[in-house]
Amino acid sequence: MKVPPRKPVTASSIERVRRIALNRTPTVRDSEGRLIPPSKLSIFLHNIKKPFTASFWAELFESTDEELLVDGNLLSWSYLEIGVIEAIGALVAYFVVLNHHGITPYDTRIMQQEVPQKHYFTDNAETYISIHNQEITKDQQLRAYYEAQSIVYLSIMIQQIFNLFACKARHRFPFGKFMFSNPRNFIGIFFGAGLGMCIVYIEPFNVAFNTSYTLSPLFWLIPFAFGVYILIHASIRILIFRRMNPVNLNPEIIGLQMHPTVHSIERKV
(Lines give C-alpha, C1' and ligand atoms only; values in the text may rest on other atoms or scores of the structure.)
Protein backbone atom coordinates (compact mmCIF):
# COMPACT_ATOMS: atom_id res chain seq x y z
CA MET A 1 0.00 0.00 0.00
CA LYS A 2 1.46 3.37 -1.00
CA VAL A 3 -0.82 5.75 0.89
CA PRO A 4 -2.50 5.00 4.22
CA PRO A 5 -6.32 4.95 4.09
CA ARG A 6 -8.13 8.01 5.34
CA LYS A 7 -10.07 6.02 7.93
CA PRO A 8 -8.23 2.77 8.66
CA VAL A 9 -10.28 -0.03 10.19
CA THR A 10 -8.20 -1.44 13.02
CA ALA A 11 -8.87 -2.94 16.43
CA SER A 12 -8.40 0.45 18.08
CA SER A 13 -10.73 2.22 15.65
CA ILE A 14 -13.43 -0.42 16.17
CA GLU A 15 -13.12 -0.10 19.93
CA ARG A 16 -13.29 3.69 19.69
CA VAL A 17 -16.44 3.64 17.55
CA ARG A 18 -18.14 1.23 19.95
CA ARG A 19 -17.16 3.33 22.96
CA ILE A 20 -18.52 6.50 21.39
CA ALA A 21 -21.77 4.72 20.52
CA LEU A 22 -22.19 3.58 24.11
CA ASN A 23 -21.76 7.14 25.36
CA ARG A 24 -24.77 8.32 23.40
CA THR A 25 -28.21 8.68 24.92
CA PRO A 26 -29.03 5.35 26.63
CA THR A 27 -31.34 3.05 24.72
CA VAL A 28 -34.74 2.37 26.27
CA ARG A 29 -36.85 -0.65 25.30
CA ASP A 30 -40.42 -1.52 26.12
CA SER A 31 -41.62 -4.82 27.57
CA GLU A 32 -41.63 -6.40 24.11
CA GLY A 33 -38.06 -5.37 23.37
CA ARG A 34 -38.89 -2.62 20.92
CA LEU A 35 -36.78 0.52 20.92
CA ILE A 36 -38.30 3.62 22.49
CA PRO A 37 -36.81 6.75 20.95
CA PRO A 38 -35.59 9.23 23.57
CA SER A 39 -37.49 12.46 24.02
CA LYS A 40 -36.07 15.78 22.93
CA LEU A 41 -35.78 16.83 26.56
CA SER A 42 -33.68 13.80 27.50
CA ILE A 43 -31.41 14.36 24.50
CA PHE A 44 -31.05 18.03 25.45
CA LEU A 45 -30.17 17.23 29.06
CA HIS A 46 -27.75 14.53 27.96
CA ASN A 47 -25.93 16.94 25.66
CA ILE A 48 -25.67 19.53 28.44
CA LYS A 49 -24.08 17.01 30.80
CA LYS A 50 -21.53 15.80 28.25
CA PRO A 51 -18.92 18.59 28.66
CA PHE A 52 -18.82 17.92 32.40
CA THR A 53 -17.69 14.32 32.00
CA ALA A 54 -14.12 13.06 31.74
CA SER A 55 -14.96 10.77 28.83
CA PHE A 56 -16.10 13.73 26.71
CA TRP A 57 -12.73 15.48 26.94
CA ALA A 58 -10.80 12.24 26.59
CA GLU A 59 -12.59 11.47 23.32
CA LEU A 60 -12.24 15.05 22.10
CA PHE A 61 -8.44 15.06 22.35
CA GLU A 62 -7.93 11.38 21.60
CA SER A 63 -5.37 10.75 18.87
CA THR A 64 -6.56 8.58 16.00
CA ASP A 65 -5.15 7.12 12.80
CA GLU A 66 -7.74 8.95 10.72
CA GLU A 67 -6.76 11.64 8.26
CA LEU A 68 -7.48 15.13 9.52
CA LEU A 69 -9.27 17.53 7.23
CA VAL A 70 -7.35 20.50 8.64
CA ASP A 71 -3.91 19.59 9.95
CA GLY A 72 -0.57 21.30 10.41
CA ASN A 73 0.46 20.54 6.85
CA LEU A 74 -2.61 22.27 5.43
CA LEU A 75 -2.27 25.28 7.74
CA SER A 76 1.39 25.62 6.81
CA TRP A 77 0.58 25.52 3.10
CA SER A 78 -2.34 27.94 3.34
CA TYR A 79 -0.91 30.60 5.64
CA LEU A 80 2.85 30.23 6.07
CA GLU A 81 3.71 29.32 2.50
CA ILE A 82 1.20 30.16 -0.22
CA GLY A 83 -0.47 32.87 1.84
CA VAL A 84 2.85 34.66 2.29
CA ILE A 85 3.86 34.18 -1.35
CA GLU A 86 0.56 35.59 -2.63
CA ALA A 87 0.73 38.52 -0.21
CA ILE A 88 4.26 39.36 -1.37
CA GLY A 89 3.21 39.04 -5.01
CA ALA A 90 0.26 41.39 -4.53
CA LEU A 91 2.39 43.93 -2.64
CA VAL A 92 5.15 43.85 -5.25
CA ALA A 93 2.63 44.45 -8.03
CA TYR A 94 0.99 47.23 -5.99
CA PHE A 95 4.22 49.17 -5.48
CA VAL A 96 5.39 48.59 -9.05
CA VAL A 97 2.22 50.24 -10.34
CA LEU A 98 2.65 53.17 -7.95
CA ASN A 99 6.29 53.51 -8.97
CA HIS A 100 5.20 53.54 -12.61
CA HIS A 101 3.31 56.74 -11.80
CA GLY A 102 6.30 58.29 -10.02
CA ILE A 103 5.35 57.32 -6.47
CA THR A 104 8.14 55.35 -4.82
CA PRO A 105 7.65 53.26 -1.66
CA TYR A 106 9.33 56.08 0.27
CA ASP A 107 6.88 58.60 -1.20
CA THR A 108 4.01 56.29 -0.32
CA ARG A 109 5.08 56.21 3.31
CA ILE A 110 5.42 60.00 3.49
CA MET A 111 2.07 60.55 1.78
CA GLN A 112 0.36 58.11 4.12
CA GLN A 113 1.69 60.00 7.14
CA GLU A 114 0.45 63.32 5.76
CA VAL A 115 -3.01 62.13 4.72
CA PRO A 116 -4.80 63.87 7.66
CA GLN A 117 -3.32 67.24 6.67
CA LYS A 118 -3.05 67.08 2.88
CA HIS A 119 -5.65 64.40 2.02
CA TYR A 120 -3.48 62.54 -0.46
CA PHE A 121 -5.17 59.95 -2.70
CA THR A 122 -8.57 61.61 -2.20
CA ASP A 123 -10.68 64.06 -4.19
CA ASN A 124 -9.32 66.89 -2.01
CA ALA A 125 -5.66 65.90 -2.33
CA GLU A 126 -2.95 68.52 -2.61
CA THR A 127 -0.15 68.26 -5.14
CA TYR A 128 2.75 66.17 -3.84
CA ILE A 129 6.41 66.73 -4.65
CA SER A 130 8.09 63.35 -4.89
CA ILE A 131 11.59 62.44 -3.82
CA HIS A 132 12.65 62.99 -7.44
CA ASN A 133 11.16 66.53 -7.43
CA GLN A 134 8.25 65.43 -9.61
CA GLU A 135 4.85 67.05 -9.09
CA ILE A 136 2.09 64.50 -8.62
CA THR A 137 -1.31 66.12 -8.92
CA LYS A 138 -4.59 64.97 -7.47
CA ASP A 139 -5.64 63.27 -10.72
CA GLN A 140 -2.33 61.44 -10.97
CA GLN A 141 -2.60 60.28 -7.36
CA LEU A 142 -6.11 58.93 -7.87
CA ARG A 143 -5.20 57.16 -11.09
CA ALA A 144 -2.14 55.58 -9.48
CA TYR A 145 -4.18 54.52 -6.46
CA TYR A 146 -7.00 52.99 -8.50
CA GLU A 147 -4.62 51.14 -10.81
CA ALA A 148 -2.58 49.86 -7.86
CA GLN A 149 -5.73 48.60 -6.19
CA SER A 150 -6.79 46.97 -9.46
CA ILE A 151 -3.58 44.98 -9.74
CA VAL A 152 -4.06 43.71 -6.18
CA TYR A 153 -7.44 42.22 -7.15
CA LEU A 154 -5.98 40.62 -10.26
CA SER A 155 -2.86 39.41 -8.45
CA ILE A 156 -4.89 37.45 -5.93
CA MET A 157 -7.05 35.96 -8.68
CA ILE A 158 -4.14 35.00 -10.95
CA GLN A 159 -2.03 33.50 -8.16
CA GLN A 160 -5.00 31.52 -6.88
CA ILE A 161 -5.39 29.95 -10.32
CA PHE A 162 -1.84 28.62 -10.08
CA ASN A 163 -2.47 27.56 -6.49
CA LEU A 164 -5.49 25.58 -7.70
CA PHE A 165 -3.25 23.37 -9.82
CA ALA A 166 -0.54 23.21 -7.16
CA CYS A 167 -3.07 21.84 -4.65
CA LYS A 168 -4.01 19.03 -7.05
CA ALA A 169 -0.51 17.58 -6.78
CA ARG A 170 -0.18 16.04 -3.34
CA HIS A 171 2.37 13.32 -4.02
CA ARG A 172 3.56 14.16 -7.53
CA PHE A 173 4.65 17.22 -9.42
CA PRO A 174 1.95 19.68 -10.54
CA PHE A 175 2.54 18.89 -14.19
CA GLY A 176 0.96 16.34 -16.49
CA LYS A 177 -2.33 15.25 -18.00
CA PHE A 178 -3.99 14.71 -14.62
CA MET A 179 -3.93 18.49 -14.12
CA PHE A 180 -6.50 18.82 -16.91
CA SER A 181 -8.68 15.84 -16.03
CA ASN A 182 -11.40 17.86 -14.30
CA PRO A 183 -13.14 20.31 -16.66
CA ARG A 184 -14.95 21.93 -13.73
CA ASN A 185 -11.68 23.53 -12.70
CA PHE A 186 -11.55 25.42 -15.96
CA ILE A 187 -15.20 26.42 -15.69
CA GLY A 188 -14.44 27.92 -12.28
CA ILE A 189 -11.34 29.64 -13.64
CA PHE A 190 -13.33 31.08 -16.53
CA PHE A 191 -16.03 32.60 -14.34
CA GLY A 192 -13.57 33.72 -11.66
CA ALA A 193 -11.30 35.40 -14.17
CA GLY A 194 -14.31 36.93 -15.90
CA LEU A 195 -15.50 38.43 -12.63
CA GLY A 196 -12.03 39.81 -11.90
CA MET A 197 -11.78 41.40 -15.33
CA CYS A 198 -15.23 42.92 -14.96
CA ILE A 199 -14.26 44.49 -11.64
CA VAL A 200 -11.17 46.07 -13.18
CA TYR A 201 -12.04 46.83 -16.80
CA ILE A 202 -15.73 47.79 -16.75
CA GLU A 203 -16.33 51.39 -15.68
CA PRO A 204 -19.46 50.88 -13.53
CA PHE A 205 -17.51 48.35 -11.46
CA ASN A 206 -14.66 50.86 -11.16
CA VAL A 207 -16.95 53.15 -9.20
CA ALA A 208 -18.01 50.42 -6.80
CA PHE A 209 -14.57 48.85 -6.23
CA ASN A 210 -12.27 51.87 -6.71
CA THR A 211 -10.51 50.23 -9.65
CA SER A 212 -9.39 51.59 -13.01
CA TYR A 213 -9.83 50.28 -16.54
CA THR A 214 -6.62 52.10 -17.54
CA LEU A 215 -4.45 49.44 -15.88
CA SER A 216 -1.97 48.07 -18.41
CA PRO A 217 -2.07 44.27 -18.94
CA LEU A 218 1.74 44.32 -18.77
CA PHE A 219 1.46 44.45 -14.99
CA TRP A 220 -0.24 41.04 -15.09
CA LEU A 221 3.20 39.56 -15.68
CA ILE A 222 4.09 40.13 -12.02
CA PRO A 223 1.39 37.85 -10.53
CA PHE A 224 1.99 35.38 -13.36
CA ALA A 225 5.65 35.21 -12.34
CA PHE A 226 4.68 34.59 -8.73
CA GLY A 227 2.19 31.97 -9.93
CA VAL A 228 4.99 30.11 -11.68
CA TYR A 229 7.00 30.35 -8.49
CA ILE A 230 4.08 28.76 -6.62
CA LEU A 231 4.35 25.71 -8.90
CA ILE A 232 8.12 25.61 -8.40
CA HIS A 233 7.66 25.90 -4.64
CA ALA A 234 5.11 23.08 -4.69
CA SER A 235 7.54 20.88 -6.64
CA ILE A 236 10.39 21.55 -4.20
CA ARG A 237 8.03 20.85 -1.32
CA ILE A 238 7.06 17.49 -2.81
CA LEU A 239 10.73 16.54 -3.22
CA ILE A 240 11.40 17.39 0.43
CA PHE A 241 8.42 15.38 1.68
CA ARG A 242 9.36 12.44 -0.52
CA ARG A 243 12.77 12.34 1.09
CA MET A 244 11.41 12.81 4.61
CA ASN A 245 8.56 10.31 4.26
CA PRO A 246 8.82 8.09 1.17
CA VAL A 247 5.32 7.16 0.06
CA ASN A 248 6.35 3.80 -1.38
CA LEU A 249 7.73 2.70 1.99
CA ASN A 250 4.57 3.24 4.02
CA PRO A 251 3.85 -0.13 5.66
CA GLU A 252 0.61 -2.02 5.29
CA ILE A 253 -1.70 -1.24 8.20
CA ILE A 254 -2.21 -4.36 10.28
CA GLY A 255 -5.86 -5.12 10.84
CA LEU A 256 -7.22 -3.44 7.73
CA GLN A 257 -9.62 -6.29 7.06
CA MET A 258 -12.90 -4.35 7.23
CA HIS A 259 -14.15 -6.08 10.38
CA PRO A 260 -17.77 -5.42 11.38
CA THR A 261 -18.19 -2.19 13.30
CA VAL A 262 -21.02 -0.58 15.17
CA HIS A 263 -22.17 0.88 11.84
CA SER A 264 -22.67 -2.56 10.30
CA ILE A 265 -24.63 -4.06 13.18
CA GLU A 266 -27.54 -2.83 15.23
CA ARG A 267 -26.68 0.73 16.18
CA LYS A 268 -27.60 2.13 19.55
CA VAL A 269 -29.86 5.15 19.39
# chains A, B, ... in the order shown; residues from 1 in each chain; ligands from 1
>>> select_by_dssp(residues="range 22-175 of chain A", states="helix (DSSP H, G or I)", output="number ranges by chain")
A: 22, 40-52, 54-60, 72-100, 105-113, 115-118, 138-168
>>> closest_residue(among="A:Ser31, A:Asn206, A:Asn163, A:Ser13", to="Gly83 in chain A", atoms="only C-alpha atoms")
A:Asn163
>>> closest_atom_pairs(of="range 190-237 of chain A", to="range 171-178 of chain A", cutoff="9 Å", atoms="only C-alpha atoms", output="tab-separated table")
residue	atom	partner	partner_atom	distance
A:Leu231	CA	A:Pro174	CA	6.7
A:Ile232	CA	A:Pro174	CA	8.8
A:Ala234	CA	A:Pro174	CA	7.5
A:Ser235	CA	A:Phe173	CA	5.4
A:Ile236	CA	A:Phe173	CA	8.9
>>> select_by_dssp(residues="range 5-158 of chain A", states="strand (DSSP E)", output="list in words")
Val28, Arg29, Leu35, Ile36, Tyr128, Ile129, Glu135 and Ile136 of chain A
>>> atom_distance(atom1="CA of Ser155 in chain A", atom2="CA of Ala90 in chain A")
5.4 Å
>>> atom_distance(atom1="CA of Leu195 in chain A", atom2="CA of Arg170 in chain A")
28.7 Å
>>> closest_residue(among="A:Asn47, A:Leu239, A:Arg109, A:Asp139", to="Ala169 in chain A", atoms="only C-alpha atoms")
A:Leu239
>>> closest_residue(among="A:Ser150, A:Ser181, A:Thr53, A:His132", to="Ile202 in chain A", atoms="only C-alpha atoms")
A:Ser150
>>> residues_around(residues="Glu59 in chain A", least_positions_apart="5", cutoff="9 Å", atoms="only C-alpha atoms", output="ChimeraX atom specification")
/A:16,20,54
>>> atom_distance(atom1="CA of Phe219 in chain A", atom2="CA of Val96 in chain A")
8.2 Å
>>> residues_around(residues="Ile222 in chain A", least_positions_apart="5", cutoff="8 Å", atoms="only C-alpha atoms", output="PyMOL selection string")
chain A and resi 89+92-93+155
>>> residues_around(residues="Phe205 in chain A", least_positions_apart="6", cutoff="12 Å", atoms="only C-alpha atoms", output="PyMOL selection string")
chain A and resi 146+150+195-199+211-213
